[in-house]
Amino acid sequence: MRMQGVQIDLISAERLVRMPSMEKIRLILDLVREGTIVILETGLSPEEQSSLIEMTMQEILPDGFSGIEIESYPSKQKSGMFSRLMRGDDEYRRLTVIGPANQLKMIRRDRDLISAWISSR
Amino acid sequence: MPLLPVRTMNMGLSQTFSKILANLFQKKTSRIGIYGPPNAGKTTLANRIAREWSTGQEGMVSEIPHETRRALRSENITITGANGKSITIDIVDTPGVTTKIDYNEFIEYGIARDEAIDRAREATEGVAEAMHWLREDIDGVIYMIDATADPFAQVNIMMVGIIESRKLPVVIAANKTDLPDASPQRIRTAFPQHPVVPISCLTGTKVEELYEEMIRTFR
Ligand SMILES: Nc1nc2c(ncn2[C@@H]2O[C@H](COP(=O)(O)OP(=O)(O)O)[C@@H](O)[C@H]2O)c(=O)[nH]1
Ligand SMILES: [Mg+2]
């Protein structure tokens, strides 16, 4: 008998930095579509995240895959909303959790704490 | 240098010439995307611009989420300011960013199953287009914010990141100033580096100022 539960994959920064964007996005989406919760040590760039959303939208089906839930720590706040992102990509790329929308619910996101609820299928 | 056959040379010349003419007389059309959270008033503004400056297609203004299901484009709109300066733009009205769409959400609004499935599919296409265009196609952004709500909660860090990395010109529209709890000042404080124009898309108050700012920023 198979053990009941949810698979969680934690992908290291080293591995992420080696992967081309499209390969990274494909891997995340394949894992999430199988019901795996993916935690990235360093998050995606804004462009990668937008590609991930674009591909997610293309793969949504009625009564099938309904999309993803994605959350990461907010980037450190400074004066202006637009300017605080100007100090390099690194601050954007923070720990990120991604999972299937029908299994992963974000409960709380603070500056230093993400609280999520995961249900099995 | 080998001489080109005359016919080819003529063709080449006339092609070059018509290109030069085209560049001289046909102004570049910028594609301006209206981005922002759901219900900020993006479609209301897109419709107003289309109504006031062209004869374009109109989107549905609605409180149903994902009502703007496709990214709607009104093309070749020329906006002329008080001093006679003008810009020619395509306006792209986008749906709010979402990472999930379930047709059952539409059923909750009393829409039949088949229709709900169609709407959900259109909504996914609209979000995909909005994402794709922001990365590849858009030349400038009107970021629409509801001035009655917290500006920080309305900004999508991913979108801001793309706008910054592509160095896209941005005008921030602080909408719904007709409502008593609107606070455009709160939005100005949140975006010190960008032009913020308080407007009411519903009543039309100060939209001329938005047009002037668009001409300055997107020319
Ligand atoms: N009071 C007020 N309501 C507005 C204004 N602009 C839009 N709305 C309303 O806000 C709701 C959402 O508008 P819509 O244009 O569909 O928002 P979108 O989701 O950003 O496209 C509708 O009920 C509009 O009538 C405004 O300037 N003032
Ligand atoms: Mg809309």
# chains A, B, ... in the order shown; residues from 1 in each chain; ligands from 1
$ interface_residues --of "chain B" --to "chain A" --cutoff "6 Å" --atoms "only C-alpha atoms" --output "PyMOL selection string"
chain B and resi 99-102+124+128+131+158+161-162+190-192
$ residues_near_ligand --ligand "ligand 1" --cutoff "10 Å" --atoms "only C-alpha atoms and all ligand atoms" --output "ChimeraX atom specification"
/B:34-48,59-69,93-96,144-148,174-180,182,198-205,207
$ select_by_dssp --residues "stretch 124-193 of chain B" --states "alpha helix (DSSP H)" --output "VMD selection string"
chain B and resid 124 to 136 157 to 165 184 to 190
$ closest_residue --among "B:Ile157, B:Ile107, B:Ile215, B:Val97" --to "ligand 2" --atoms "only C-alpha atoms and all ligand atoms"
B:Val97
$ closest_residue --among "B:Gly126, B:Gly140, B:Pro151, B:Pro195" --to "ligand 2" --atoms "only C-alpha atoms and all ligand atoms"
B:Gly126
$ residues_around --residues "A:Leu16" --least-positions-apart "4" --cutoff "12 Å" --atoms "only C-alpha atoms" --output "list in words"
Leu10, Ile11, Ser12, Pro20, Ser21, Met22, Glu23, Lys24, Ile25, Leu27, Ile28, Ile39, Leu40, Glu41, Thr42, Gly43, Leu44, Ser45, Glu48, Arg93 and Leu95 of chain A
